[in-house]
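Structure data follow from work_23.txt (compact mmCIF, C-alpha atoms):
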```txt
# COMPACT_ATOMS: atom_id res chain seq x y z
CA MET G 1 1.25 -40.28 -11.82
CA TYR G 2 -1.03 -37.45 -10.68
CA VAL G 3 -0.82 -36.86 -6.92
CA PRO G 4 -3.38 -34.25 -5.66
CA HIS G 5 -2.46 -31.80 -2.96
CA THR G 6 -3.69 -32.60 0.53
CA GLU G 7 -5.59 -30.07 2.59
CA ALA G 8 -2.41 -29.48 4.60
CA ASP G 9 -0.48 -28.82 1.36
CA ARG G 10 -3.04 -26.27 0.20
CA HIS G 11 -3.07 -24.55 3.59
CA ALA G 12 0.74 -24.29 3.61
CA MET G 13 0.81 -22.78 0.12
CA LEU G 14 -1.91 -20.24 0.90
CA GLN G 15 -0.13 -19.28 4.09
CA ALA G 16 3.16 -18.83 2.21
CA ILE G 17 1.61 -16.28 -0.17
CA GLY G 18 -0.42 -14.55 2.55
CA VAL G 19 -3.92 -15.62 1.52
CA LYS G 20 -6.42 -17.07 3.98
CA SER G 21 -8.53 -19.19 1.64
CA LEU G 22 -8.80 -20.40 -1.95
CA LYS G 23 -11.74 -18.02 -2.42
CA ASP G 24 -9.54 -15.07 -1.42
CA LEU G 25 -6.98 -16.14 -4.01
CA PHE G 26 -9.39 -15.17 -6.81
CA GLU G 27 -10.47 -11.80 -5.39
CA GLY G 28 -8.67 -10.02 -8.22
CA VAL G 29 -10.91 -11.67 -10.85
CA PRO G 30 -14.27 -9.90 -11.44
CA ALA G 31 -17.07 -11.85 -9.76
CA ALA G 32 -18.96 -12.33 -13.04
CA HIS G 33 -16.02 -14.21 -14.52
CA ARG G 34 -14.79 -16.26 -11.58
CA PHE G 35 -16.85 -19.39 -12.05
CA PRO G 36 -18.72 -19.08 -15.37
CA LYS G 37 -21.12 -21.80 -16.39
CA LEU G 38 -19.44 -23.73 -19.17
CA ASP G 39 -21.44 -25.35 -21.96
CA LEU G 40 -19.86 -28.77 -21.56
CA PRO G 41 -21.41 -32.22 -22.03
CA ASP G 42 -21.96 -34.54 -19.10
CA ALA G 43 -18.93 -36.29 -17.68
CA LEU G 44 -17.89 -39.62 -19.20
CA THR G 45 -16.08 -42.59 -17.78
CA GLU G 46 -12.56 -43.38 -18.98
CA MET G 47 -13.87 -46.25 -21.12
CA GLU G 48 -16.50 -44.01 -22.70
CA VAL G 49 -13.91 -41.33 -23.48
CA LEU G 50 -11.62 -43.93 -25.07
CA GLY G 51 -14.47 -45.20 -27.25
CA GLU G 52 -15.30 -41.65 -28.34
CA LEU G 53 -11.67 -40.90 -29.25
CA LYS G 54 -11.42 -44.15 -31.25
CA THR G 55 -14.53 -43.18 -33.21
CA ILE G 56 -13.05 -39.77 -34.04
CA ALA G 57 -9.65 -41.27 -34.94
CA ALA G 58 -11.26 -43.81 -37.27
CA ALA G 59 -12.24 -40.94 -39.60
CA ASN G 60 -8.58 -40.03 -40.16
CA ASP G 61 -6.38 -41.31 -42.94
CA THR G 62 -3.11 -42.73 -41.67
CA SER G 63 0.16 -43.31 -43.45
CA GLU G 64 -0.17 -47.05 -42.82
CA GLU G 65 -3.09 -47.13 -45.26
CA PHE G 66 -0.89 -45.88 -48.10
CA VAL G 67 2.21 -47.06 -49.91
CA SER G 68 4.73 -44.24 -49.61
CA PHE G 69 7.54 -43.21 -51.97
CA LEU G 70 8.03 -39.76 -50.47
CA GLY G 71 11.45 -38.83 -49.08
CA ALA G 72 13.16 -35.48 -49.71
CA GLY G 73 14.93 -35.44 -46.35
CA ALA G 74 12.70 -37.61 -44.13
CA TYR G 75 12.58 -41.36 -44.73
CA HIS G 76 10.48 -44.34 -43.73
CA HIS G 77 12.86 -46.98 -42.36
CA TYR G 78 12.29 -49.99 -40.16
CA ILE G 79 12.96 -49.25 -36.49
CA PRO G 80 13.85 -52.30 -34.34
CA ALA G 81 11.61 -52.73 -31.28
CA GLY G 82 14.66 -52.45 -29.04
CA VAL G 83 15.08 -48.76 -29.90
CA ASP G 84 11.77 -47.68 -28.42
CA SER G 85 12.09 -50.10 -25.51
CA ILE G 86 15.37 -48.58 -24.36
CA LEU G 87 14.35 -45.04 -25.26
CA ARG G 88 11.34 -45.16 -22.93
CA ARG G 89 13.23 -46.25 -19.85
CA GLY G 90 12.55 -43.71 -17.13
CA GLU G 91 16.18 -42.89 -16.45
CA PHE G 92 16.59 -41.77 -20.07
CA TYR G 93 13.11 -40.46 -20.82
CA THR G 94 12.88 -38.03 -17.90
CA ALA G 95 16.46 -36.76 -17.63
CA TYR G 96 17.93 -36.52 -21.09
CA THR G 97 19.20 -32.92 -21.07
CA PRO G 98 22.38 -32.83 -18.97
CA TYR G 99 22.40 -29.30 -17.58
CA GLN G 100 23.73 -30.88 -14.39
CA PRO G 101 25.67 -33.47 -16.37
CA GLU G 102 27.93 -35.21 -13.92
CA VAL G 103 24.88 -36.39 -11.98
CA SER G 104 23.68 -38.37 -15.00
CA GLN G 105 26.54 -40.65 -16.00
CA GLY G 106 24.24 -42.82 -18.11
CA THR G 107 23.18 -39.88 -20.27
CA LEU G 108 26.76 -38.70 -20.66
CA GLN G 109 27.93 -42.16 -21.65
CA ALA G 110 25.14 -42.38 -24.24
CA ILE G 111 26.27 -39.05 -25.70
CA PHE G 112 29.89 -40.25 -25.72
CA GLU G 113 28.87 -43.42 -27.58
CA TYR G 114 26.83 -41.35 -30.04
CA GLN G 115 29.79 -39.06 -30.70
CA SER G 116 32.04 -42.08 -31.28
CA LEU G 117 29.56 -43.63 -33.71
CA MET G 118 29.16 -40.37 -35.65
CA ALA G 119 32.92 -39.90 -35.91
CA ALA G 120 33.31 -43.45 -37.24
CA LEU G 121 30.37 -43.10 -39.65
CA THR G 122 31.49 -39.78 -41.14
CA GLY G 123 35.25 -40.41 -41.08
CA MET G 124 35.80 -37.31 -38.95
CA GLU G 125 37.80 -36.96 -35.75
CA VAL G 126 35.19 -35.46 -33.44
CA SER G 127 31.42 -35.05 -33.22
CA ASN G 128 29.33 -32.90 -30.91
CA ALA G 129 26.35 -34.11 -28.88
CA SER G 130 23.94 -33.28 -31.75
CA HIS G 131 21.78 -30.37 -32.93
CA TYR G 132 18.10 -29.87 -33.62
CA ASP G 133 18.03 -31.20 -37.19
CA GLY G 134 19.99 -31.42 -40.43
CA ALA G 135 19.05 -27.88 -41.45
CA THR G 136 20.34 -26.19 -38.29
CA ALA G 137 23.45 -28.38 -38.34
CA LEU G 138 24.32 -27.02 -41.79
CA ALA G 139 23.68 -23.47 -40.63
CA GLU G 140 26.00 -24.11 -37.68
CA ALA G 141 28.68 -25.26 -40.15
CA VAL G 142 28.42 -21.85 -41.81
CA ASN G 143 28.83 -20.22 -38.40
CA MET G 144 31.83 -22.44 -37.75
CA SER G 145 33.53 -21.27 -40.91
CA ARG G 146 33.18 -17.66 -39.76
CA VAL G 147 34.78 -18.50 -36.40
CA ILE G 148 37.57 -20.58 -37.97
CA HIS G 149 38.45 -17.79 -40.40
CA ARG G 150 38.06 -15.16 -37.64
CA GLY G 151 35.55 -13.22 -39.72
CA LYS G 152 38.04 -12.56 -42.52
CA ARG G 153 36.17 -14.58 -45.16
CA ASN G 154 32.53 -13.71 -45.78
CA LYS G 155 31.66 -15.81 -48.81
CA VAL G 156 29.85 -19.17 -48.66
CA ILE G 157 29.09 -21.37 -51.66
CA LEU G 158 25.95 -23.50 -51.32
CA SER G 159 25.31 -26.18 -53.90
CA PRO G 160 21.80 -26.12 -55.44
CA GLY G 161 21.84 -29.86 -54.72
CA ILE G 162 21.45 -29.16 -50.98
CA ASN G 163 17.96 -29.62 -49.56
CA PRO G 164 16.09 -26.33 -50.25
CA GLN G 165 14.86 -26.19 -46.65
CA TYR G 166 18.43 -26.46 -45.38
CA ARG G 167 19.50 -23.61 -47.64
CA ALA G 168 16.56 -21.52 -46.45
CA THR G 169 17.66 -22.12 -42.85
CA VAL G 170 21.16 -20.91 -43.69
CA HIS G 171 19.68 -17.72 -45.16
CA THR G 172 17.64 -17.22 -41.99
CA TYR G 173 20.73 -17.64 -39.80
CA GLU G 174 22.76 -15.23 -41.92
CA SER G 175 20.11 -12.57 -42.49
CA GLY G 176 21.53 -9.23 -41.44
CA SER G 177 25.13 -10.47 -41.49
CA ASP G 178 27.85 -9.63 -43.99
CA MET G 179 27.93 -13.21 -45.30
CA HIS G 180 27.50 -13.53 -49.07
CA ILE G 181 25.87 -16.76 -50.24
CA LEU G 182 26.62 -17.95 -53.78
CA GLY G 183 26.11 -21.04 -55.91
CA GLU G 184 22.39 -21.69 -55.55
CA ASP G 185 21.68 -20.46 -59.07
CA VAL G 186 24.16 -22.89 -60.64
CA ASP G 187 22.62 -25.31 -63.14
CA THR G 188 21.42 -28.38 -61.21
CA SER G 189 22.91 -30.59 -63.94
CA ALA G 190 26.38 -29.07 -63.75
CA GLY G 191 27.89 -31.09 -60.88
CA PRO G 192 30.76 -30.13 -58.55
CA GLN G 193 32.93 -28.61 -61.30
CA ALA G 194 30.62 -25.60 -61.55
CA LEU G 195 31.19 -24.87 -57.86
CA ILE G 196 34.98 -25.00 -58.27
CA ASP G 197 34.78 -22.07 -60.66
CA LEU G 198 33.19 -19.91 -57.90
CA ILE G 199 35.89 -20.45 -55.26
CA ASP G 200 38.28 -17.56 -54.57
CA GLU G 201 40.37 -16.14 -51.70
CA GLU G 202 37.28 -14.66 -50.02
CA THR G 203 35.49 -18.02 -49.86
CA GLY G 204 35.25 -19.42 -46.34
CA LEU G 205 33.11 -22.49 -46.96
CA VAL G 206 31.86 -24.67 -49.80
CA ALA G 207 28.83 -26.78 -48.84
CA VAL G 208 27.49 -29.78 -50.75
CA ALA G 209 25.18 -32.74 -50.10
CA TYR G 210 26.10 -36.44 -50.24
CA PRO G 211 23.94 -37.82 -51.75
CA ASP G 212 22.46 -34.56 -52.95
CA PHE G 213 18.80 -33.58 -52.74
CA PHE G 214 18.11 -35.36 -56.02
CA GLY G 215 19.70 -38.56 -54.73
CA ARG G 216 22.81 -38.24 -56.90
CA VAL G 217 26.19 -39.33 -55.58
CA TYR G 218 29.33 -37.40 -56.54
CA ASP G 219 33.01 -37.80 -55.72
CA TYR G 220 33.95 -34.49 -54.11
CA THR G 221 37.70 -35.12 -53.93
CA ALA G 222 38.55 -32.55 -56.62
CA LEU G 223 36.18 -30.01 -55.02
CA ALA G 224 37.85 -30.48 -51.62
CA GLU G 225 41.28 -29.99 -53.17
CA ALA G 226 40.17 -26.85 -54.99
CA ALA G 227 38.61 -25.41 -51.83
CA HIS G 228 41.70 -26.14 -49.73
CA ALA G 229 43.97 -24.63 -52.38
CA LYS G 230 42.15 -21.32 -51.85
CA GLY G 231 42.10 -21.68 -48.05
CA ALA G 232 38.39 -22.55 -47.88
CA LEU G 233 36.67 -25.37 -46.01
CA LEU G 234 34.44 -28.12 -47.39
CA ALA G 235 31.22 -28.98 -45.54
CA VAL G 236 29.27 -32.08 -46.56
CA SER G 237 25.62 -32.65 -45.60
CA VAL G 238 25.02 -36.41 -45.52
CA ASN G 239 22.28 -38.98 -45.45
CA PRO G 240 23.70 -41.25 -42.71
CA THR G 241 22.08 -44.39 -44.11
CA ALA G 242 24.00 -43.90 -47.35
CA LEU G 243 27.27 -43.93 -45.39
CA GLY G 244 26.66 -47.60 -44.70
CA LEU G 245 27.54 -48.09 -48.36
CA LEU G 246 29.43 -45.00 -49.56
CA LYS G 247 32.91 -43.69 -48.78
CA PRO G 248 32.78 -41.47 -45.66
CA PRO G 249 33.32 -37.75 -46.34
CA GLY G 250 36.43 -37.67 -44.17
CA GLU G 251 38.17 -39.83 -46.77
CA PHE G 252 37.75 -37.32 -49.60
CA GLY G 253 38.75 -34.21 -47.67
CA ALA G 254 35.68 -32.90 -45.86
CA ASP G 255 36.42 -30.47 -43.03
CA ILE G 256 32.91 -30.45 -41.55
CA VAL G 257 30.18 -33.08 -41.89
CA THR G 258 26.54 -32.33 -41.10
CA GLY G 259 23.42 -34.35 -41.66
CA GLU G 260 19.93 -35.34 -40.65
CA GLY G 261 19.92 -38.28 -38.23
CA GLN G 262 16.21 -39.08 -38.64
CA PRO G 263 16.87 -42.23 -40.72
CA LEU G 264 18.71 -43.71 -37.72
CA GLY G 265 15.86 -45.13 -35.67
CA ILE G 266 13.69 -42.00 -35.49
CA PRO G 267 10.10 -42.11 -36.80
CA LEU G 268 8.77 -39.58 -39.29
CA SER G 269 6.58 -37.99 -36.58
CA TYR G 270 5.04 -35.32 -38.82
CA GLY G 271 8.43 -33.65 -39.24
CA GLY G 272 10.07 -33.84 -35.83
CA PRO G 273 11.71 -33.93 -33.42
CA TYR G 274 14.71 -34.94 -35.51
CA LEU G 275 18.47 -35.04 -35.01
CA GLY G 276 21.22 -32.79 -36.34
CA ILE G 277 24.63 -34.36 -36.96
CA LEU G 278 27.71 -32.14 -36.75
CA ALA G 279 31.26 -33.53 -36.90
CA THR G 280 34.60 -32.01 -37.77
CA LYS G 281 38.38 -32.31 -37.54
CA GLN G 282 40.18 -32.09 -34.20
CA GLU G 283 41.80 -28.79 -35.16
CA HIS G 284 38.39 -27.12 -35.43
CA VAL G 285 36.96 -28.41 -32.15
CA ARG G 286 37.05 -24.98 -30.48
CA ALA G 287 34.76 -23.62 -33.18
CA LEU G 288 32.28 -26.47 -32.74
CA ALA G 289 28.92 -25.33 -31.38
CA GLY G 290 27.17 -27.27 -28.64
CA ARG G 291 28.29 -29.90 -26.18
CA LEU G 292 31.17 -32.34 -26.33
CA VAL G 293 31.36 -35.22 -23.86
CA GLY G 294 34.67 -36.84 -22.97
CA GLU G 295 35.78 -39.92 -21.06
CA THR G 296 38.01 -39.63 -17.99
CA THR G 297 38.71 -41.28 -14.61
CA ASP G 298 37.58 -40.04 -11.21
CA ASN G 299 39.64 -39.76 -8.01
CA ARG G 300 39.07 -43.46 -7.35
CA GLY G 301 40.36 -44.48 -10.76
CA GLN G 302 36.90 -45.37 -12.08
CA ARG G 303 35.82 -44.55 -15.62
CA GLY G 304 33.57 -41.53 -15.85
CA TYR G 305 32.13 -39.06 -18.34
CA VAL G 306 32.15 -35.25 -18.26
CA LEU G 307 31.35 -32.31 -20.50
CA THR G 308 34.80 -31.70 -21.96
CA LEU G 309 33.50 -28.66 -23.83
CA SER G 310 30.46 -27.25 -22.10
CA THR G 311 27.70 -24.97 -23.31
CA ARG G 312 29.79 -21.83 -23.46
CA GLU G 313 26.83 -20.04 -25.02
CA GLN G 314 24.95 -20.33 -21.73
CA HIS G 315 27.44 -18.97 -19.26
CA ILE G 316 31.07 -18.14 -20.08
CA LYS G 317 32.41 -16.33 -23.15
CA ARG G 318 28.95 -15.41 -24.38
CA GLU G 319 30.26 -12.70 -26.70
CA LYS G 320 32.71 -15.20 -28.23
CA ALA G 321 30.26 -18.09 -28.60
CA SER G 322 30.21 -19.79 -31.98
CA SER G 323 26.43 -20.19 -31.79
CA ASN G 324 23.33 -19.22 -29.86
CA ILE G 325 22.16 -22.84 -29.99
CA CYS G 326 23.32 -24.58 -26.87
CA THR G 327 21.17 -27.66 -26.35
CA ASN G 328 21.25 -31.11 -27.94
CA GLN G 329 18.57 -33.54 -29.05
CA GLY G 330 19.29 -35.96 -26.21
CA LEU G 331 16.41 -38.37 -26.69
CA MET G 332 16.79 -38.52 -30.47
CA MET G 333 20.54 -38.90 -30.07
CA LEU G 334 19.89 -41.91 -27.84
CA ALA G 335 17.55 -43.40 -30.45
CA ALA G 336 20.24 -43.13 -33.14
CA THR G 337 22.84 -44.62 -30.78
CA VAL G 338 20.66 -47.61 -29.94
CA TYR G 339 19.70 -48.09 -33.60
CA LEU G 340 23.31 -48.14 -34.80
CA SER G 341 24.39 -50.36 -31.91
CA LEU G 342 21.68 -52.91 -32.71
CA LEU G 343 22.42 -52.96 -36.44
CA GLY G 344 26.19 -52.75 -36.27
CA LYS G 345 28.38 -52.00 -39.26
CA GLY G 346 27.15 -55.01 -41.23
CA GLY G 347 23.49 -54.35 -40.51
CA LEU G 348 23.70 -50.72 -41.60
CA ARG G 349 25.34 -51.82 -44.84
CA GLU G 350 22.53 -54.33 -45.44
CA VAL G 351 19.93 -51.60 -44.99
CA ALA G 352 21.84 -49.30 -47.37
CA GLU G 353 22.23 -52.05 -49.98
CA SER G 354 18.53 -52.91 -49.78
CA CYS G 355 17.60 -49.25 -50.34
CA TYR G 356 20.06 -48.97 -53.21
CA HIS G 357 18.96 -52.07 -55.11
CA LYS G 358 15.23 -51.48 -54.64
CA ALA G 359 15.55 -47.88 -55.81
CA HIS G 360 17.47 -48.93 -58.91
CA TYR G 361 14.87 -51.57 -59.70
CA ALA G 362 12.12 -48.95 -59.40
CA ALA G 363 14.00 -46.46 -61.58
CA LYS G 364 14.60 -49.08 -64.28
CA GLU G 365 10.93 -50.05 -64.40
CA ILE G 366 9.65 -46.46 -64.43
CA ALA G 367 12.11 -45.36 -67.13
CA ILE G 368 10.61 -47.79 -69.65
CA LEU G 369 7.08 -46.44 -69.20
CA ASP G 370 5.66 -44.33 -72.01
CA GLY G 371 5.84 -40.65 -71.11
CA TYR G 372 8.33 -41.09 -68.25
CA GLU G 373 12.07 -40.63 -68.10
CA LEU G 374 14.80 -40.25 -65.49
CA VAL G 375 15.88 -36.61 -65.29
CA TRP G 376 19.53 -37.69 -64.99
CA PRO G 377 19.67 -41.19 -66.52
CA ASP G 378 23.46 -41.47 -66.32
CA ALA G 379 23.85 -40.21 -62.76
CA ASP G 380 24.87 -42.47 -59.88
CA PHE G 381 22.23 -42.35 -57.16
CA PHE G 382 21.51 -43.91 -53.79
CA HIS G 383 17.82 -44.43 -52.96
CA GLU G 384 16.23 -41.35 -54.51
CA PHE G 385 15.90 -40.36 -58.14
CA ALA G 386 14.15 -37.65 -60.14
CA VAL G 387 11.52 -38.64 -62.72
CA ARG G 388 9.95 -36.46 -65.41
CA GLY G 389 6.39 -37.41 -66.26
CA PRO G 390 3.71 -36.53 -68.82
CA ARG G 391 1.74 -34.37 -66.36
CA PRO G 392 2.60 -31.83 -63.65
CA ALA G 393 3.87 -33.64 -60.58
CA ALA G 394 1.10 -32.15 -58.42
CA GLU G 395 -1.54 -33.72 -60.69
CA THR G 396 0.28 -37.03 -60.79
CA ASN G 397 0.52 -37.13 -57.00
CA LEU G 398 -3.21 -36.47 -56.60
CA ALA G 399 -3.99 -39.30 -59.00
CA LEU G 400 -1.58 -41.62 -57.17
CA LEU G 401 -3.15 -40.74 -53.83
CA ALA G 402 -6.51 -41.88 -55.15
CA GLU G 403 -4.85 -45.26 -55.79
CA GLY G 404 -3.48 -45.44 -52.24
CA VAL G 405 0.04 -44.30 -53.15
CA ILE G 406 1.92 -41.34 -51.67
CA GLY G 407 3.99 -40.17 -54.62
CA GLY G 408 7.25 -38.30 -54.82
CA TYR G 409 8.27 -34.78 -53.88
CA ASP G 410 7.10 -32.14 -56.36
CA LEU G 411 10.39 -30.61 -57.51
CA GLY G 412 8.57 -27.72 -59.19
CA GLN G 413 8.03 -26.26 -55.70
CA ASP G 414 11.71 -25.36 -55.46
CA TYR G 415 13.27 -25.61 -58.93
CA SER G 416 12.05 -23.67 -61.97
CA GLY G 417 11.31 -25.72 -65.05
CA MET G 418 10.70 -28.91 -63.05
CA ASP G 419 6.92 -28.76 -62.59
CA ASP G 420 6.59 -32.14 -64.31
CA CYS G 421 9.32 -33.74 -62.17
CA MET G 422 9.05 -35.63 -58.92
CA LEU G 423 11.63 -37.03 -56.54
CA LEU G 424 10.88 -40.64 -55.62
CA ALA G 425 12.42 -42.35 -52.58
CA VAL G 426 12.65 -46.11 -52.02
CA THR G 427 13.75 -47.68 -48.74
CA GLU G 428 13.99 -51.20 -47.37
CA MET G 429 10.36 -50.83 -46.28
CA ASN G 430 9.11 -50.87 -49.89
CA THR G 431 8.48 -54.39 -51.15
CA ARG G 432 8.83 -55.44 -54.76
CA GLU G 433 5.05 -55.75 -54.93
CA GLU G 434 4.66 -52.15 -53.78
CA ILE G 435 7.21 -50.95 -56.33
CA ASP G 436 5.40 -52.83 -59.09
CA PHE G 437 2.13 -51.29 -57.91
CA LEU G 438 3.70 -47.81 -58.14
CA VAL G 439 4.89 -48.55 -61.68
CA SER G 440 1.45 -49.76 -62.77
CA ALA G 441 -0.22 -46.75 -61.11
CA LEU G 442 2.16 -44.36 -62.91
CA ALA G 443 1.42 -46.08 -66.19
CA GLU G 444 -2.31 -45.60 -65.65
CA VAL G 445 -1.89 -41.98 -64.56
CA GLY G 446 0.23 -41.25 -67.65
CA GLN G 447 -2.41 -42.36 -70.13
```
Please, can you express the file's structure as structure tokens?
Amino acid sequence: MYVPHTEADRHAMLQAIGVKSLKDLFEGVPAAHRFPKLDLPDALTEMEVLGELKTIAAANDTSEEFVSFLGAGAYHHYIPAGVDSILRRGEFYTAYTPYQPEVSQGTLQAIFEYQSLMAALTGMEVSNASHYDGATALAEAVNMSRVIHRGKRNKVILSPGINPQYRATVHTYESGSDMHILGEDVDTSAGPQALIDLIDEETGLVAVAYPDFFGRVYDYTALAEAAHAKGALLAVSVNPTALGLLKPPGEFGADIVTGEGQPLGIPLSYGGPYLGILATKQEHVRALAGRLVGETTDNRGQRGYVLTLSTREQHIKREKASSNICTNQGLMMLAATVYLSLLGKGGLREVAESCYHKAHYAAKEIAILDGYELVWPDADFFHEFAVRGPRPAAETNLALLAEGVIGGYDLGQDYSGMDDCMLLAVTEMNTREEIDFLVSALAEVGQ
């Protein structure tokens, strides 16, 4: 609510700064520029303004007018109405960053619940209060490895199957450092075995995606064993929806789990704000960047929540901080917490299974079209898959858009030799009719 200052308020403020009147306040501005005549239209009523804005907005295309099969790190999932309803409660919406944390027990409890859910989902022992997005969470994992190894290992292996934007963020974080980044030039068809061959005694971290950027699902048990045999850590960047169906990374030896939490009740929102997941083993908790909320009891024996590990980057031990990122995505964290609480373990599995089966149906139908083939026909995949078509992906996408379909991600943007390949994503939001429409549109485009 807008509350204007009273005359007494204005007088008190002017007196406090030693100015007699509002006119005197602007004495420092040249007279010719103090109150220029602005070329503005006549004032409108609120109803007239709303009508004008609706007219302007009607000229825009919206995503709701198209059938979308675009993923590549941000996914269109159904968000229960309860998520937004709880998220917009004033006590959460206006005080979600706990710089004075013990005052806001509700916010701290929400963070604690989020951490518990992330630990259970990833199979790890501890999670922090979140990061900005999946890209920065992965970059923080690289920083963690440096802290854990006390700067003695300066080699990081990044799988080419990690989201290209995530890898670019890691390079930005490490620019100017002595960290050597390897593995990105490995053949995208090679699988985890090719990364094993790169691990040596100087390797601090091996990072992979699960599922990878192309949607493929690998068992990284052998990679984890090979990394640990050389004293290196394994970081796994996850799609959290897939963990409703797949084995959690903690069960095959991951030391650090990162991920993008956007699929958990957060709308696409033109690319943000999103949610960075970062979880690890108990033994590495001191190297974990960001906040960590714990449960305790107060002097009356009542349950309470506190920052067990605070934002050391802000005040104490600045020179020893594991990161210069100290905040958390409090509101987005709350959205993910509410989403997972509403769905429960069974509901998340149902969403994952729906994505899986619909994507496999789409892949099967597209693979039998003339001129189209799956790039990796024998690979296990979750809800994304790469398709090679008869035309450059950019041309195919333009043709699909004319039919009201948002096509897949143009892989030629990031991978050489894949200009005719696109990455298609299917979620529970895509009906069978929409998938069939995509198939028929691709068939027409391919002629």
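The spacing separating CA of Ile86 in chain G from CA of Val351 in chain G amounts to 21.3 Å.
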Near-Tyr166 in chain G list (8 Å; only C-alpha atoms; drop same-chain fewer than 2 positions) as an MDAnalysis selection string: chainID G and resid 134:136 138:139 162:164 168:170
Polymer residues at most 9 Å from Ile256 in chain G, all atoms listed in the file, same-chain spacing of 5 or more positions, as a PyMOL selection string: chain G and resi 124+141+144+233-237+249-250+278-281+284
Export, as an mmCIF file, keeping the file's coordinate frame, the selected residues with C-alpha atoms.
```
data_model
loop_
_atom_site.group_PDB
_atom_site.id
_atom_site.type_symbol
_atom_site.label_atom_id
_atom_site.label_comp_id
_atom_site.auth_asym_id
_atom_site.auth_seq_id
_atom_site.Cartn_x
_atom_site.Cartn_y
_atom_site.Cartn_z
ATOM 1 C CA MET G 124 35.800 -37.310 -38.950
ATOM 2 C CA ALA G 141 28.680 -25.260 -40.150
ATOM 3 C CA MET G 144 31.830 -22.440 -37.750
ATOM 4 C CA LEU G 233 36.670 -25.370 -46.010
ATOM 5 C CA LEU G 234 34.440 -28.120 -47.390
ATOM 6 C CA ALA G 235 31.220 -28.980 -45.540
ATOM 7 C CA VAL G 236 29.270 -32.080 -46.560
ATOM 8 C CA SER G 237 25.620 -32.650 -45.600
ATOM 9 C CA PRO G 249 33.320 -37.750 -46.340
ATOM 10 C CA GLY G 250 36.430 -37.670 -44.170
ATOM 11 C CA LEU G 278 27.710 -32.140 -36.750
ATOM 12 C CA ALA G 279 31.260 -33.530 -36.900
ATOM 13 C CA THR G 280 34.600 -32.010 -37.770
ATOM 14 C CA LYS G 281 38.380 -32.310 -37.540
ATOM 15 C CA HIS G 284 38.390 -27.120 -35.430
#
```
Contacts of Ile368 in chain G at 12 Å (all atoms listed in the file; same-chain gap of 5+ positions) as a PyMOL selection string: chain G and resi 361-363+373-374+377+387+389+439-440+442-443
CA of Leu398 in chain G to CA of Glu64 in chain G, distance in Å rounded to a single decimal: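 If I compute the distance from CA of Leu398 in chain G to CA of Glu64 in chain G, I get 17.6 Å.
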Spatial neighbours of Leu108 in chain G, 7 Å, all atoms listed in the file, chain gap at least 4 places, as a PyMOL selection string: chain G and resi 101+104+112+293+305-306
Next, write the just-selected residues to a file, as a PDB file, in the coordinates of the input, keeping C-alpha atoms as the atom set.
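Saved the output as part-v8.pdb:
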```pdb
ATOM      1  CA  PRO G 101      25.670 -33.470 -16.370  1.00  0.00           C
ATOM      2  CA  SER G 104      23.680 -38.370 -15.000  1.00  0.00           C
ATOM      3  CA  PHE G 112      29.890 -40.250 -25.720  1.00  0.00           C
ATOM      4  CA  VAL G 293      31.360 -35.220 -23.860  1.00  0.00           C
ATOM      5  CA  TYR G 305      32.130 -39.060 -18.340  1.00  0.00           C
ATOM      6  CA  VAL G 306      32.150 -35.250 -18.260  1.00  0.00           C
TER       7      VAL G 306
END
```
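Proximity of G:Ala352, G:Ala194, G:Ile111, G:Met118 to Gly244 in chain G, computed with all atoms listed in the file, is greatest for G:Ala352.
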Nearest-residue call for Arg216 in chain G, choices G:Glu283, G:Asp420, G:Asp380, G:Glu7, using only C-alpha atoms: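 Counting only C-alpha atoms, the residue closest to Arg216 in chain G is G:Asp380.
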Taking only residues of range 25-119 of chain G that have an atom at most 8 Å from an atom of range 267-274 of chain G, what is each one's shortest atom pair and its distance in Å to one decimal, using only C-alpha atoms, in chain and number order, as a Markdown table?
```
| residue | atom | partner | partner_atom | distance |
| --- | --- | --- | --- | --- |
| G:Ala74 | CA | G:Leu268 | CA | 6.5 |
| G:Tyr75 | CA | G:Leu268 | CA | 6.9 |
| G:His76 | CA | G:Leu268 | CA | 6.7 |
| G:His77 | CA | G:Pro267 | CA | 7.9 |
| G:Ile79 | CA | G:Pro267 | CA | 7.7 |
```
How about saving the chosen residues, C-alpha atoms kept, as a tab-separated table (two decimals), in the frame of the given file?
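Result file is part.tsv:
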```
chain	number	residue	atom	x	y	z
G	74	ALA	CA	12.70	-37.61	-44.13
G	75	TYR	CA	12.58	-41.36	-44.73
G	76	HIS	CA	10.48	-44.34	-43.73
G	77	HIS	CA	12.86	-46.98	-42.36
G	79	ILE	CA	12.96	-49.25	-36.49
```
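The residue that comes closest to Ala81 in chain G, out of G:Leu342, G:Ala232, G:Lys37, G:Leu121 and on the basis of all atoms listed in the file, is G:Leu342.
Proximity to Val375 in chain G at 10 Å, evaluated using only C-alpha atoms and with sequence-adjacent residues fewer than 5 positions away removed, yields Ser189, Phe214, Ala367, Phe385, Ala386, Val387, Arg388, Gly389, Met418, Cys421, Met422 and Leu423 of chain G.
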Draw an axis-aligned box over all listed atoms of range 282-295 of chain G, pad each side with 3 Å, and write its centre and edge lengths in Å, one decimal, as JSON.
```
{"center_x": 34.5, "center_y": -31.8, "center_z": -28.2, "size_x": 20.6, "size_y": 22.3, "size_z": 20.4}
```
